[in-house]
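A.B. asks: One structure, pasted below without further comment.
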Amino acid sequence: EDQVTQSPEALRLQEGESSSLNCSYTVSGLRGLFWYRQDPGKGPEFLFTLYSAGEEKEKERLKATLTKKESFLHITAPKPEDSATYLCAVNQAGTALIFGKGTTLSVSS
Amino acid sequence: EPEVTQTPSHQVTQMGQEVILRCVPISNHLYFYWYRQILGQKVEFLVSFYNNEISEKSEIFDDQFSVERPDGSNFTLKIRSTKLEDSAMYFCASTGDAEAFFGQGTRLTVV
């Protein structure tokens with residue numbers, strides 16, 4: 001059973017059309033939840049870390065939120081350059097990250 | 001801006017050969033990692049390294065794999081007797097506080 005599940009697998013938006021990506025996790029004793037952006041053929045690029053339920057972080061058009069069972073990445077008025085795969089990862093024990101499969105976002109102009 | 005650098009960017013090797021993937025972590029980071037991503041699949045943890053020894057490893061990281069920090073800057077992953085299923089992107093990462101910063105990866109193709 002996957003410990004980190006992301007939905008949807010793929011999302012197509014028009015430029016300016018806001019939406020949210022979901023990451024649900026089943027690990028106990030969450031130490032941190034991380035969002036990364038990955039462009040094709042590249043390494044994951046760090047976006048946010050969330051540690052406790054109720055926490056929110058923002059960066060440009062992105063806002064990440066955390067509850068006890070899931071996290072949302074809200075994208076406000078996306079632009080074509082926001083097209084990428086967004087990865088969610090959790091840290092349970094130690095420092096290793098457990099990744100979800102990602103949501104591939106395509107934003108068209 | 002400090003970054004994790006990996007070499008080579010691409011590596012093609014014959015099945016059964018040994019390969020060494022190289023990484024230069026961010027200089028003041030203390031934890032170093034290797035992850036892999038098979039094409040179309042999720043990023044998977046292989047091993048973490050702290051204070052010159054392995055601190056965690058996954059089931060994937062068996063006797064075929066080894067890691068080393070041969071000097072003060074480099075961090076290497078050695079894969080012995082490569083198999084077709086070892087073909088993947090291999091990412092190095094390093095951590096200072098909590099966030100892991102990843103390199104751009106080495107694409108390993110085993111033929």
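Chain labels A, B, ... are given in the sequence in which chains occur in the structure tokens; within each chain residues are numbered consecutively from 1, and ligands are likewise numbered from 1 in the order shown.
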For chain B, work out the contacting residues on chain A at 10 Å, counting only C-alpha atoms, and write them as a PyMOL selection string.
C.D. replies: chain A and resi 31-36+38+41-49+87+89+91+93-102
A.B. asks: Dump C-alpha atoms for the selected residues as a compact mmCIF listing (two decimals), in the first residue's frame?
C.D. replies:
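Here's the written file result_33.txt:
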```txt
# COMPACT_ATOMS: atom_id res chain seq x y z
CA ARG A 31 8.07 14.69 10.79
CA GLY A 32 7.65 16.81 7.68
CA LEU A 33 5.81 17.02 4.36
CA PHE A 34 7.65 18.39 1.34
CA TRP A 35 6.55 19.69 -2.04
CA TYR A 36 8.90 19.60 -5.01
CA GLN A 38 10.20 18.39 -11.28
CA GLY A 41 14.71 15.07 -17.25
CA LYS A 42 15.64 17.21 -14.23
CA GLY A 43 16.01 16.73 -10.51
CA PRO A 44 13.30 17.68 -8.01
CA GLU A 45 13.35 21.37 -7.08
CA PHE A 46 12.40 22.17 -3.50
CA LEU A 47 9.28 24.29 -2.97
CA PHE A 48 7.91 23.96 0.59
CA THR A 49 8.20 22.13 3.89
CA LEU A 87 5.90 15.82 -6.17
CA ALA A 89 7.13 13.57 -0.12
CA ASN A 91 9.60 12.21 6.20
CA ALA A 93 11.66 8.40 10.71
CA GLY A 94 15.24 9.26 9.95
CA THR A 95 15.73 11.65 7.08
CA ALA A 96 14.77 9.60 4.03
CA LEU A 97 11.92 10.94 1.91
CA ILE A 98 8.98 8.81 0.74
CA PHE A 99 7.66 10.22 -2.51
CA GLY A 100 4.29 10.04 -4.19
CA LYS A 101 3.98 9.44 -7.93
CA GLY A 102 3.34 13.11 -8.63
```
A.B. asks: With only C-alpha atoms as the basis for distance, which of A:Tyr51, A:Leu62, A:Ala77, A:Ala84 is at the shortest distance from Ser18 (chain A)?
C.D. replies: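 Closest candidate: A:Ala77.
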A.B. asks: Do you have the CA of Gln6 (chain A)-CA of Thr67 (chain A) distance handy?
C.D. replies: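 Those two atoms sit 14.6 Å apart.
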A.B. asks: For Val4 (chain A), list every protein, DNA or RNA residue within 6 Å, evaluated using only C-alpha atoms, and leave out those in the same chain fewer than 2 positions away; present the list as a ChimeraX atom specification.
C.D. replies: /A:2,24-25,100
A.B. asks: In terms of the shortest atom-to-atom distance over only C-alpha atoms, which of A:Gly29, A:Pro8, A:Pro40, A:Gly54 is closest to Thr103 (chain A)?
C.D. replies: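 Nearest to Thr103 (chain A): A:Pro8.
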A.B. asks: I'd like the contact shell of Lys83 (chain B) - 12 Å cut-off, only C-alpha atoms, skipping same-chain residues fewer than 3 positions apart - returned as JSON, numbers by chain.
C.D. replies: {"B": [12, 13, 14, 15, 16, 17, 18, 19, 64, 65, 79, 80, 86, 87, 88, 108, 109, 110, 111]}
A.B. asks: For Ala64 (chain A), which residue among A:Val27, A:Leu21, A:Leu13, A:Val90 is the nearest when counting only C-alpha atoms?
C.D. replies: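 For Ala64 (chain A), the nearest of the given residues is A:Leu21.
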A.B. asks: Step one, run DSSP on the backbone; step two, keep only residues of chain A assigned to strand (DSSP E); then write them as a ChimeraX atom specification.
C.D. replies: /A:4-7,10-14,19-25,32-38,45-50,56-59,62-66,70-75,84-91,98-99,103-108
A.B. asks: Can you pull out the residues contacting Lys79 (chain A)? Cut-off 9 Å, using only C-alpha atoms, and skip same-chain residues under 2 positions away; I want them as a PDB file with N, CA and C atoms, in the first residue's frame.
C.D. replies:
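Dumped to selection_8.pdb:
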```pdb
ATOM      1  N   GLN A  14      -6.289  25.936 -18.111  1.00  0.00           N
ATOM      2  CA  GLN A  14      -6.076  27.112 -18.939  1.00  0.00           C
ATOM      3  C   GLN A  14      -5.329  28.143 -18.105  1.00  0.00           C
ATOM      4  N   GLU A  15      -4.555  28.961 -18.756  1.00  0.00           N
ATOM      5  CA  GLU A  15      -3.859  30.032 -18.058  1.00  0.00           C
ATOM      6  C   GLU A  15      -4.866  30.849 -17.252  1.00  0.00           C
ATOM      7  N   GLY A  16      -4.566  31.079 -15.972  1.00  0.00           N
ATOM      8  CA  GLY A  16      -5.469  31.842 -15.119  1.00  0.00           C
ATOM      9  C   GLY A  16      -6.503  31.024 -14.385  1.00  0.00           C
ATOM     10  N   GLU A  17      -6.613  29.723 -14.717  1.00  0.00           N
ATOM     11  CA  GLU A  17      -7.619  28.856 -14.097  1.00  0.00           C
ATOM     12  C   GLU A  17      -7.038  28.214 -12.841  1.00  0.00           C
ATOM     13  N   ARG A  61       2.669  32.034  -7.032  1.00  0.00           N
ATOM     14  CA  ARG A  61       1.302  31.582  -7.290  1.00  0.00           C
ATOM     15  C   ARG A  61       0.951  30.290  -6.552  1.00  0.00           C
ATOM     16  N   ALA A  77      -4.152  31.359 -10.508  1.00  0.00           N
ATOM     17  CA  ALA A  77      -3.895  32.001 -11.807  1.00  0.00           C
ATOM     18  C   ALA A  77      -2.619  31.477 -12.441  1.00  0.00           C
ATOM     19  N   GLU A  81       4.444  28.590 -17.642  1.00  0.00           N
ATOM     20  CA  GLU A  81       5.714  28.198 -17.021  1.00  0.00           C
ATOM     21  C   GLU A  81       5.538  27.419 -15.715  1.00  0.00           C
ATOM     22  N   ASP A  82       4.317  27.318 -15.220  1.00  0.00           N
ATOM     23  CA  ASP A  82       4.049  26.480 -14.052  1.00  0.00           C
ATOM     24  C   ASP A  82       3.870  25.014 -14.431  1.00  0.00           C
ATOM     25  N   SER A  83       3.859  24.724 -15.724  1.00  0.00           N
ATOM     26  CA  SER A  83       3.720  23.339 -16.186  1.00  0.00           C
ATOM     27  C   SER A  83       4.921  22.519 -15.727  1.00  0.00           C
ATOM     28  N   VAL A 107      -0.349  23.702 -18.247  1.00  0.00           N
ATOM     29  CA  VAL A 107      -1.079  24.967 -18.311  1.00  0.00           C
ATOM     30  C   VAL A 107      -0.947  25.516 -19.718  1.00  0.00           C
ATOM     31  N   SER A 108      -2.063  25.722 -20.361  1.00  0.00           N
ATOM     32  CA  SER A 108      -2.023  26.227 -21.740  1.00  0.00           C
ATOM     33  C   SER A 108      -2.501  27.676 -21.785  1.00  0.00           C
ATOM     34  N   SER A 109      -1.916  28.399 -22.732  1.00  0.00           N
ATOM     35  CA  SER A 109      -2.235  29.831 -22.856  1.00  0.00           C
ATOM     36  C   SER A 109      -3.428  30.051 -23.773  1.00  0.00           C
TER      37      SER A 109
END
```
A.B. asks: Ser19 (chain A): which residues within 8 Å, counting only C-alpha atoms, same-chain residues fewer than 4 positions away excluded, as a PyMOL selection string?
C.D. replies: chain A and resi 74-76
A.B. asks: Next, write the just-selected residues to a file, as a PDB file, in the first residue's frame, keeping N, CA, C and O atoms as the atom set.
C.D. replies:
```
ATOM      1  N   HIS A  74      -2.179  24.637  -3.741  1.00  0.00           N
ATOM      2  CA  HIS A  74      -3.108  25.483  -4.477  1.00  0.00           C
ATOM      3  C   HIS A  74      -2.321  26.315  -5.481  1.00  0.00           C
ATOM      4  O   HIS A  74      -1.302  26.931  -5.122  1.00  0.00           O
ATOM      5  N   ILE A  75      -2.815  26.343  -6.704  1.00  0.00           N
ATOM      6  CA  ILE A  75      -2.159  27.131  -7.751  1.00  0.00           C
ATOM      7  C   ILE A  75      -3.143  28.204  -8.199  1.00  0.00           C
ATOM      8  O   ILE A  75      -4.217  27.885  -8.732  1.00  0.00           O
ATOM      9  N   THR A  76      -2.758  29.442  -7.967  1.00  0.00           N
ATOM     10  CA  THR A  76      -3.639  30.567  -8.282  1.00  0.00           C
ATOM     11  C   THR A  76      -3.196  31.213  -9.587  1.00  0.00           C
ATOM     12  O   THR A  76      -2.032  31.553  -9.751  1.00  0.00           O
TER      13      THR A  76
END
```
A.B. asks: List the spatial neighbours of Thr65 (chain A) as a compact mmCIF listing (two decimals) with C-alpha atoms, in the first residue's frame - criterion: any atom at most 9 Å away, only C-alpha atoms, same-chain residues fewer than 3 positions off excluded.
C.D. replies:
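Wrote result30.txt, looks like this:
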```txt
# COMPACT_ATOMS: atom_id res chain seq x y z
CA LEU A 50 5.21 21.78 6.22
CA ALA A 53 -1.53 20.58 10.76
CA GLY A 54 -2.81 24.05 10.00
CA GLU A 55 0.50 25.28 8.64
CA GLU A 56 0.50 27.17 5.33
CA LYS A 57 3.36 28.36 3.10
CA GLU A 58 3.21 30.57 -0.01
CA GLU A 70 -3.37 15.40 3.59
CA SER A 71 -1.77 18.40 2.00
CA PHE A 72 -2.97 20.63 -0.80
CA LEU A 73 -0.94 22.62 -3.27
CA HIS A 74 -3.11 25.48 -4.48
```
A.B. asks: Mind giving me the straight-line distance from CA of Ile54 (chain B) to CA of Thr26 (chain A) in Å, one decimal?
C.D. replies: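 Computing it gives 26.4 Å between the two atoms.
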